[in-house]
>>> print(open('run.cif').read())   # mmCIF, C-alpha atoms
data_model
#
loop_
_atom_site.group_PDB
_atom_site.id
_atom_site.type_symbol
_atom_site.label_atom_id
_atom_site.label_comp_id
_atom_site.auth_asym_id
_atom_site.auth_seq_id
_atom_site.Cartn_x
_atom_site.Cartn_y
_atom_site.Cartn_z
ATOM 1 C CA MET I 1 86.917 184.755 50.704
ATOM 2 C CA ALA I 2 90.165 183.081 49.733
ATOM 3 C CA THR I 3 91.713 183.744 53.086
ATOM 4 C CA ASN I 4 88.799 182.147 54.855
ATOM 5 C CA PHE I 5 89.125 179.105 52.648
ATOM 6 C CA LEU I 6 92.856 178.830 53.318
ATOM 7 C CA ALA I 7 92.256 179.286 57.048
ATOM 8 C CA HIS I 8 90.007 176.235 57.143
ATOM 9 C CA GLU I 9 92.284 174.178 54.807
ATOM 10 C CA LYS I 10 94.813 171.895 56.561
ATOM 11 C CA ILE I 11 98.106 172.789 54.899
ATOM 12 C CA TRP I 12 101.567 172.178 56.381
ATOM 13 C CA PHE I 13 103.195 175.550 55.839
ATOM 14 C CA ASP I 14 106.207 174.844 58.075
ATOM 15 C CA LYS I 15 107.323 171.632 56.317
ATOM 16 C CA PHE I 16 110.610 173.108 55.174
ATOM 17 C CA LYS I 17 111.583 173.801 58.775
ATOM 18 C CA TYR I 18 111.039 170.200 59.702
ATOM 19 C CA ASP I 19 112.977 169.040 56.616
ATOM 20 C CA ASP I 20 115.949 171.235 57.596
ATOM 21 C CA ALA I 21 115.845 169.925 61.166
ATOM 22 C CA GLU I 22 115.752 166.303 59.937
ATOM 23 C CA ARG I 23 118.667 166.950 57.577
ATOM 24 C CA ARG I 24 120.774 168.514 60.317
ATOM 25 C CA TYR I 25 119.961 165.584 62.631
ATOM 26 C CA TYR I 26 121.110 163.007 60.092
ATOM 27 C CA GLU I 27 124.215 165.067 59.304
ATOM 28 C CA GLN I 28 125.137 165.057 62.966
ATOM 29 C CA MET I 29 124.524 161.337 63.186
ATOM 30 C CA ASN I 30 126.239 160.318 59.946
ATOM 31 C CA GLY I 31 128.652 163.151 59.382
ATOM 32 C CA PRO I 32 128.690 165.937 56.797
ATOM 33 C CA VAL I 33 127.979 165.226 53.152
ATOM 34 C CA CYS I 34 131.137 165.011 51.047
ATOM 35 C CA SER I 35 129.848 166.551 47.867
ATOM 36 C CA PRO I 36 126.547 166.872 46.091
ATOM 37 C CA SER I 37 127.896 164.868 43.161
ATOM 38 C CA CYS I 38 127.887 161.519 44.979
ATOM 39 C CA PRO I 39 124.492 161.056 46.645
ATOM 40 C CA GLN I 40 124.468 157.340 45.808
ATOM 41 C CA GLU I 41 127.751 156.762 47.660
ATOM 42 C CA ASN I 42 126.511 158.659 50.729
ATOM 43 C CA GLY I 43 123.319 156.599 50.815
ATOM 44 C CA SER I 44 125.232 153.280 50.610
ATOM 45 C CA SER I 45 127.680 154.404 53.284
ATOM 46 C CA THR I 46 124.750 155.378 55.496
ATOM 47 C CA ILE I 47 123.197 151.918 55.082
ATOM 48 C CA LEU I 48 126.519 150.240 55.852
ATOM 49 C CA ARG I 49 126.963 152.350 58.996
ATOM 50 C CA ASP I 50 123.430 151.444 60.110
ATOM 51 C CA ILE I 51 124.139 147.761 59.562
ATOM 52 C CA ALA I 52 127.394 147.936 61.517
ATOM 53 C CA ARG I 53 125.672 149.798 64.350
ATOM 54 C CA ALA I 54 122.897 147.158 64.438
ATOM 55 C CA ARG I 55 125.507 144.374 64.581
ATOM 56 C CA GLU I 56 127.237 146.063 67.502
ATOM 57 C CA ASN I 57 123.948 146.395 69.361
ATOM 58 C CA ILE I 58 123.138 142.732 68.754
ATOM 59 C CA GLN I 59 126.578 141.631 69.952
ATOM 60 C CA LYS I 60 126.267 143.765 73.063
ATOM 61 C CA SER I 61 122.841 142.315 73.838
ATOM 62 C CA LEU I 62 124.114 138.761 73.341
ATOM 63 C CA ALA I 63 127.129 139.414 75.540
ATOM 64 C CA GLY I 64 124.865 140.849 78.244
ATOM 65 C CA SER I 65 122.536 137.855 78.174
ATOM 66 C CA ALA I 66 125.476 135.430 78.280
ATOM 67 C CA SER I 67 126.994 137.263 81.216
ATOM 68 C CA ALA I 68 123.612 137.198 82.975
ATOM 69 C CA THR I 69 123.147 133.442 82.509
ATOM 70 C CA SER I 70 126.751 132.293 82.918
ATOM 71 C CA PRO I 71 126.935 132.309 86.719
ATOM 72 C CA ALA I 72 123.677 130.326 87.079
ATOM 73 C CA GLY I 73 124.565 127.598 84.475
ATOM 74 C CA PRO I 74 127.260 125.595 86.287
ATOM 75 C CA SER I 75 125.384 125.718 89.550
ATOM 76 C CA GLY I 76 122.202 124.323 87.890
ATOM 77 C CA ASP I 77 124.150 121.473 86.254
ATOM 78 C CA GLN I 78 125.844 120.703 89.541
ATOM 79 C CA ASN I 79 122.512 120.571 91.345
ATOM 80 C CA GLU I 80 121.065 118.222 88.734
ATOM 81 C CA LEU I 81 124.110 115.953 88.994
ATOM 82 C CA VAL I 82 123.829 115.827 92.782
ATOM 83 C CA ALA I 83 120.147 114.913 92.523
ATOM 84 C CA ARG I 84 120.860 112.080 90.085
ATOM 85 C CA ILE I 85 123.608 110.695 92.310
ATOM 86 C CA ALA I 86 121.238 110.732 95.273
ATOM 87 C CA ASN I 87 118.597 108.852 93.263
ATOM 88 C CA LEU I 88 121.155 106.259 92.181
ATOM 89 C CA GLU I 89 122.277 105.698 95.753
ATOM 90 C CA THR I 90 118.661 105.213 96.850
ATOM 91 C CA GLU I 91 118.026 102.681 94.097
ATOM 92 C CA ASN I 92 121.241 100.871 94.968
ATOM 93 C CA ARG I 93 120.165 100.535 98.598
ATOM 94 C CA ASN I 94 116.768 99.189 97.533
ATOM 95 C CA LEU I 95 118.359 96.631 95.229
ATOM 96 C CA ARG I 96 120.699 95.477 97.960
ATOM 97 C CA SER I 97 117.789 94.920 100.306
ATOM 98 C CA VAL I 98 115.909 92.923 97.650
ATOM 99 C CA VAL I 99 118.976 90.746 96.960
ATOM 100 C CA THR I 100 119.412 90.087 100.679
ATOM 101 C CA ASP I 101 115.770 89.007 101.004
ATOM 102 C CA LEU I 102 116.140 86.659 98.045
ATOM 103 C CA GLN I 103 119.267 85.090 99.506
ATOM 104 C CA LEU I 104 117.465 84.465 102.801
ATOM 105 C CA ALA I 105 114.497 82.890 101.028
ATOM 106 C CA ILE I 106 116.757 80.606 98.992
ATOM 107 C CA SER I 107 118.636 79.459 102.103
ATOM 108 C CA ARG I 108 115.343 78.693 103.844
ATOM 109 C CA LEU I 109 114.130 76.683 100.859
ATOM 110 C CA GLU I 110 117.349 74.693 100.734
ATOM 111 C CA THR I 111 117.080 73.890 104.453
ATOM 112 C CA ARG I 112 113.472 72.767 104.074
ATOM 113 C CA LEU I 113 114.321 70.630 101.056
ATOM 114 C CA SER I 114 117.142 68.862 102.915
ATOM 115 C CA VAL I 115 114.794 68.156 105.874
ATOM 116 C CA LEU I 116 112.169 66.698 103.545
ATOM 117 C CA GLU I 117 114.720 64.493 101.818
ATOM 118 C CA LYS I 118 115.949 63.129 105.159
ATOM 119 C CA ALA I 119 112.378 62.433 106.269
ATOM 120 C CA SER I 120 111.547 60.579 103.060
ATOM 121 C CA VAL I 121 114.667 58.441 103.358
ATOM 122 C CA SER I 122 113.873 57.541 106.983
ATOM 123 C CA HIS I 123 110.258 56.528 106.191
ATOM 124 C CA HIS I 124 111.118 54.482 103.111
ATOM 125 C CA PRO I 125 114.371 52.629 103.658
ATOM 126 C CA SER I 126 115.833 50.944 100.643
ATOM 127 C CA GLN I 127 115.061 47.263 100.612
ATOM 128 C CA THR I 128 117.688 44.964 99.264
ATOM 129 C CA PRO I 129 116.279 42.389 96.914
ATOM 130 C CA PRO I 130 116.255 38.876 98.431
ATOM 131 C CA THR I 131 118.818 36.505 97.064
ATOM 132 C CA GLN I 132 117.433 33.533 95.266
ATOM 133 C CA HIS I 133 119.001 30.172 96.036
ATOM 134 C CA VAL I 134 118.884 27.902 93.066
ATOM 135 C CA THR I 135 118.775 24.253 94.006
ATOM 136 C CA PRO I 136 120.468 21.783 91.696
ATOM 137 C CA MET I 137 118.153 20.143 89.267
ATOM 138 C CA LYS I 138 117.167 16.602 90.009
ATOM 139 C CA LYS I 139 116.756 13.981 87.419
ATOM 140 C CA VAL I 140 113.076 13.575 86.702
ATOM 141 C CA GLU I 141 112.090 10.013 86.132
ATOM 142 C CA PRO I 142 109.489 9.425 83.433
ATOM 143 C CA LEU I 143 106.087 8.444 84.710
ATOM 144 C CA PRO I 144 104.948 4.968 83.851
ATOM 145 C CA ALA I 145 102.433 4.812 81.068
ATOM 146 C CA LEU I 146 98.952 4.579 82.385
ATOM 147 C CA SER I 147 97.338 1.427 81.265
ATOM 148 C CA ARG I 148 93.844 1.816 79.955
ATOM 149 C CA LYS I 149 91.486 -0.027 82.222
ATOM 150 C CA VAL I 150 87.930 -0.840 81.338
ATOM 151 C CA GLU I 151 85.580 -1.304 84.268
ATOM 152 C CA LEU I 152 82.989 -3.966 83.745
ATOM 153 C CA PRO I 153 80.108 -5.093 85.942
ATOM 154 C CA ALA I 154 80.641 -7.950 88.344
ATOM 155 C CA GLY I 155 78.490 -10.338 86.322
ATOM 156 C CA SER I 156 80.829 -10.258 83.359
ATOM 157 C CA LEU I 157 84.003 -11.205 85.243
ATOM 158 C CA ALA I 158 83.746 -14.802 84.152
ATOM 159 C CA ARG I 159 83.206 -13.794 80.584
ATOM 160 C CA GLN I 160 86.258 -11.525 80.772
ATOM 161 C CA ALA I 161 88.392 -14.362 82.085
ATOM 162 C CA GLU I 162 87.227 -16.697 79.407
ATOM 163 C CA SER I 163 87.796 -14.463 76.409
ATOM 164 C CA PRO I 164 90.500 -11.769 76.939
ATOM 165 C CA ALA I 165 91.199 -11.639 73.214
ATOM 166 C CA ALA I 166 87.651 -10.573 72.444
ATOM 167 C CA GLU I 167 87.924 -7.753 74.983
ATOM 168 C CA ASP I 168 91.098 -6.472 73.333
ATOM 169 C CA GLU I 169 89.351 -6.467 69.977
ATOM 170 C CA ASP I 170 86.421 -4.494 71.430
ATOM 171 C CA ASP I 171 88.830 -1.895 72.839
ATOM 172 C CA ASP I 172 90.509 -1.526 69.489
ATOM 173 C CA ASP I 173 87.164 -1.114 67.773
ATOM 174 C CA ASP I 174 86.172 1.621 70.239
ATOM 175 C CA ILE I 175 89.393 3.508 69.633
ATOM 176 C CA ASP I 176 89.014 3.299 65.848
ATOM 177 C CA LEU I 177 85.425 4.405 66.119
ATOM 178 C CA PHE I 178 86.301 7.649 67.938
ATOM 179 C CA GLY I 179 89.128 8.323 65.544
ATOM 180 C CA SER I 180 86.854 7.963 62.518
ATOM 181 C CA ASP I 181 84.394 10.527 63.979
ATOM 182 C CA ASP I 182 87.164 13.092 64.407
ATOM 183 C CA GLU I 183 88.350 12.519 60.874
ATOM 184 C CA GLU I 184 84.823 12.931 59.520
ATOM 185 C CA GLU I 185 84.431 16.202 61.428
ATOM 186 C CA ASP I 186 87.715 17.520 60.026
ATOM 187 C CA LEU I 187 86.721 16.567 56.511
ATOM 188 C CA GLU I 188 83.349 18.253 56.917
ATOM 189 C CA ALA I 189 84.952 21.466 58.203
ATOM 190 C CA ALA I 190 87.436 21.487 55.330
ATOM 191 C CA ARG I 191 84.651 20.953 52.805
ATOM 192 C CA VAL I 192 82.582 23.829 54.276
ATOM 193 C CA ARG I 193 85.603 26.139 54.258
ATOM 194 C CA GLU I 194 86.411 25.334 50.646
ATOM 195 C CA GLU I 195 82.799 25.902 49.669
ATOM 196 C CA ARG I 196 82.742 29.313 51.326
ATOM 197 C CA LEU I 197 86.019 30.296 49.683
ATOM 198 C CA ARG I 198 84.677 29.255 46.301
ATOM 199 C CA GLN I 199 81.498 31.289 46.795
ATOM 200 C CA TYR I 200 83.501 34.349 47.868
ATOM 201 C CA SER I 201 85.802 34.125 44.858
ATOM 202 C CA GLU I 202 82.825 33.785 42.484
ATOM 203 C CA LYS I 203 81.104 36.784 44.071
ATOM 204 C CA LYS I 204 84.246 38.861 43.835
ATOM 205 C CA SER I 205 84.796 37.926 40.180
ATOM 206 C CA LYS I 206 81.211 38.879 39.281
ATOM 207 C CA LYS I 207 81.536 42.315 40.959
ATOM 208 C CA PRO I 208 82.260 44.980 38.295
ATOM 209 C CA GLY I 209 85.567 46.784 38.688
ATOM 210 C CA LEU I 210 86.107 50.553 38.686
ATOM 211 C CA ILE I 211 86.441 51.915 35.170
ATOM 212 C CA ALA I 212 88.749 54.902 34.792
ATOM 213 C CA LYS I 213 87.224 57.600 32.592
ATOM 214 C CA SER I 214 88.314 61.062 31.458
ATOM 215 C CA SER I 215 86.501 64.130 30.176
ATOM 216 C CA ILE I 216 88.282 65.793 27.240
ATOM 217 C CA LEU I 217 87.533 69.174 25.620
ATOM 218 C CA LEU I 218 88.912 69.329 22.066
ATOM 219 C CA ASP I 219 89.581 72.395 19.900
ATOM 220 C CA VAL I 220 89.185 71.462 16.210
ATOM 221 C CA LYS I 221 90.507 74.284 13.998
ATOM 222 C CA PRO I 222 89.519 74.704 10.318
ATOM 223 C CA TRP I 223 91.677 75.899 7.441
ATOM 224 C CA ASP I 224 89.931 79.234 6.858
ATOM 225 C CA ASP I 225 86.655 81.078 7.276
ATOM 226 C CA GLU I 226 85.134 79.337 4.234
ATOM 227 C CA THR I 227 85.241 75.876 5.822
ATOM 228 C CA ASP I 228 81.823 74.297 6.410
ATOM 229 C CA MET I 229 81.782 73.972 10.227
ATOM 230 C CA ALA I 230 78.569 71.924 10.284
ATOM 231 C CA LYS I 231 80.079 69.384 7.928
ATOM 232 C CA MET I 232 83.286 69.306 9.984
ATOM 233 C CA GLU I 233 81.319 68.598 13.173
ATOM 234 C CA GLU I 234 79.375 65.866 11.383
ATOM 235 C CA CYS I 235 82.626 64.247 10.271
ATOM 236 C CA VAL I 236 84.069 64.393 13.799
ATOM 237 C CA ARG I 237 80.973 62.764 15.275
ATOM 238 C CA THR I 238 81.206 59.910 12.746
ATOM 239 C CA ILE I 239 84.237 58.626 14.707
ATOM 240 C CA GLN I 240 82.940 55.736 16.803
ATOM 241 C CA MET I 241 85.045 53.694 19.237
ATOM 242 C CA ASP I 242 84.430 51.366 22.135
ATOM 243 C CA GLY I 243 84.572 53.580 25.229
ATOM 244 C CA LEU I 244 84.062 56.912 23.345
ATOM 245 C CA VAL I 245 80.996 59.088 23.926
ATOM 246 C CA TRP I 246 80.603 62.475 22.212
ATOM 247 C CA GLY I 247 79.055 65.385 24.123
ATOM 248 C CA ALA I 248 78.047 68.986 23.503
ATOM 249 C CA SER I 249 79.815 71.245 21.040
ATOM 250 C CA LYS I 250 79.930 74.929 20.139
ATOM 251 C CA LEU I 251 81.653 77.319 17.731
ATOM 252 C CA VAL I 252 84.155 79.733 19.292
ATOM 253 C CA PRO I 253 85.414 82.758 17.282
ATOM 254 C CA VAL I 254 89.185 82.900 16.805
ATOM 255 C CA GLY I 255 89.691 86.012 14.684
ATOM 256 C CA TYR I 256 89.308 87.415 11.161
ATOM 257 C CA GLY I 257 85.930 85.675 10.824
ATOM 258 C CA ILE I 258 87.402 82.204 11.579
ATOM 259 C CA LYS I 259 85.692 80.006 14.167
ATOM 260 C CA LYS I 260 86.883 76.794 15.805
ATOM 261 C CA LEU I 261 84.817 73.791 16.846
ATOM 262 C CA GLN I 262 84.965 73.095 20.592
ATOM 263 C CA ILE I 263 83.537 69.634 21.314
ATOM 264 C CA GLN I 264 83.286 67.596 24.530
ATOM 265 C CA CYS I 265 83.804 63.833 24.816
ATOM 266 C CA VAL I 266 84.137 61.175 27.532
ATOM 267 C CA VAL I 267 86.576 58.290 27.015
ATOM 268 C CA GLU I 268 87.601 55.185 28.921
ATOM 269 C CA ASP I 269 91.309 55.427 29.642
ATOM 270 C CA ASP I 270 91.991 51.738 28.984
ATOM 271 C CA LYS I 271 90.269 51.729 25.594
ATOM 272 C CA VAL I 272 90.680 55.167 24.003
ATOM 273 C CA GLY I 273 93.764 57.378 24.044
ATOM 274 C CA THR I 274 94.155 61.023 23.106
ATOM 275 C CA ASP I 275 96.721 60.248 20.420
ATOM 276 C CA ILE I 276 94.368 57.846 18.642
ATOM 277 C CA LEU I 277 91.538 60.369 18.899
ATOM 278 C CA GLU I 278 93.646 63.160 17.390
ATOM 279 C CA GLU I 279 94.817 60.916 14.533
ATOM 280 C CA GLU I 280 91.259 59.929 13.683
ATOM 281 C CA ILE I 281 90.066 63.564 13.628
ATOM 282 C CA THR I 282 92.994 64.855 11.553
ATOM 283 C CA LYS I 283 92.165 62.270 8.867
ATOM 284 C CA PHE I 284 89.483 64.691 7.635
ATOM 285 C CA GLU I 285 92.087 66.850 5.901
ATOM 286 C CA ASP I 286 89.541 68.777 3.828
ATOM 287 C CA TYR I 287 88.028 70.373 6.928
ATOM 288 C CA VAL I 288 90.473 69.972 9.868
ATOM 289 C CA GLN I 289 93.730 71.858 10.120
ATOM 290 C CA SER I 290 94.754 70.851 13.664
ATOM 291 C CA VAL I 291 93.394 69.438 16.920
ATOM 292 C CA ASP I 292 94.320 70.674 20.385
ATOM 293 C CA ILE I 293 93.300 69.471 23.856
ATOM 294 C CA ALA I 294 91.765 72.450 25.664
ATOM 295 C CA ALA I 295 90.925 70.607 28.909
ATOM 296 C CA PHE I 296 91.541 67.116 30.337
ATOM 297 C CA ASN I 297 89.868 66.007 33.583
ATOM 298 C CA LYS I 298 89.681 62.649 35.310
ATOM 299 C CA ILE I 299 86.192 61.427 36.230
#
>>> encode(input="run.cif", output="structure tokens")
Amino acid sequence: MATNFLAHEKIWFDKFKYDDAERRYYEQMNGPVCSPSCPQENGSSTILRDIARARENIQKSLAGSASATSPAGPSGDQNELVARIANLETENRNLRSVVTDLQLAISRLETRLSVLEKASVSHHPSQTPPTQHVTPMKKVEPLPALSRKVELPAGSLARQAESPAAEDEDDDDDIDLFGSDDEEEDLEAARVREERLRQYSEKKSKKPGLIAKSSILLDVKPWDDETDMAKMEECVRTIQMDGLVWGASKLVPVGYGIKKLQIQCVVEDDKVGTDILEEEITKFEDYVQSVDIAAFNKI
């Protein structure tokens, strides 16, 4: 029964043979063991020999690869250099052709420009300005004064001969008459102008001017939290000035139960100043500790 069980069991009965063969193989590879008392030294020497052998193999493989690639390296670099030189020569030839074309175009343009300039000069010759001959000035004789002549009908010739003095008086009266009309017209125009100026000045003086106003937000601080804020606001609003208008107010907490009075007012800049306003408010020493301007805006 036991033999049948062992026959079916997979047991390696020849393991010692394989162990002896492996030991002899490593002894041939690494040399005989020095002594059984130094197994640690043999193991380290075995590792060192394996490392040295691996280094030699690596160096041999690197030397083989270098020798395999060394003959092809210089030839590849030389081929690349030849190709680059050929490309540079081609580009140089192209650039030379482009420069030659540009030079030809510039020469053609210069020739055409010179032809156009010659044509414009031939069509529009420069005209010399004509010389002006100045004749000597002649002495201008004054014209005789025109005598005023009055034409009269033929029937009054005898009357004119009889009384020339009366005719002269009539002429003088006519001249004075026209002169008086002109003077009256000038006086009338001056009077109308003065009247209009007077009306304009009166209208301008009656027109109200622009009054500069400012909106001020004041912070009125009490002495402590026991100060009567309602009474303090009442005292502040009792300040009345020409050009001062009080607005809305509110209590703003400061800290430790203390609140400050923040009140709005509108003042006329020419009549009420901030310094005067602060002095009037700080007169209520029982309630007001200090006054600060929180905001100041022009209206």
>>> resolve_selection(input="run.cif", expression="the PyMOL selection byres ((chain I and resi 212-219) around 12)", output="count of residues only")
52
>>> atom_distance(input="run.cif", atom1="atom CA of Glu285 of chain I", atom2="atom CA of Asp228 of chain I")
12.7 Å
>>> atom_distance(input="run.cif", atom1="atom CA of Ile51 of chain I", atom2="atom CA of Glu22 of chain I")
20.4 Å
>>> axis_aligned_box(input="run.cif", around="segment 280-291 of chain I", padding_each_side="5 Å", output="JSON")
{"center_x": 91.4, "center_y": 65.9, "center_z": 10.4, "size_x": 16.7, "size_y": 21.9, "size_z": 23.1}
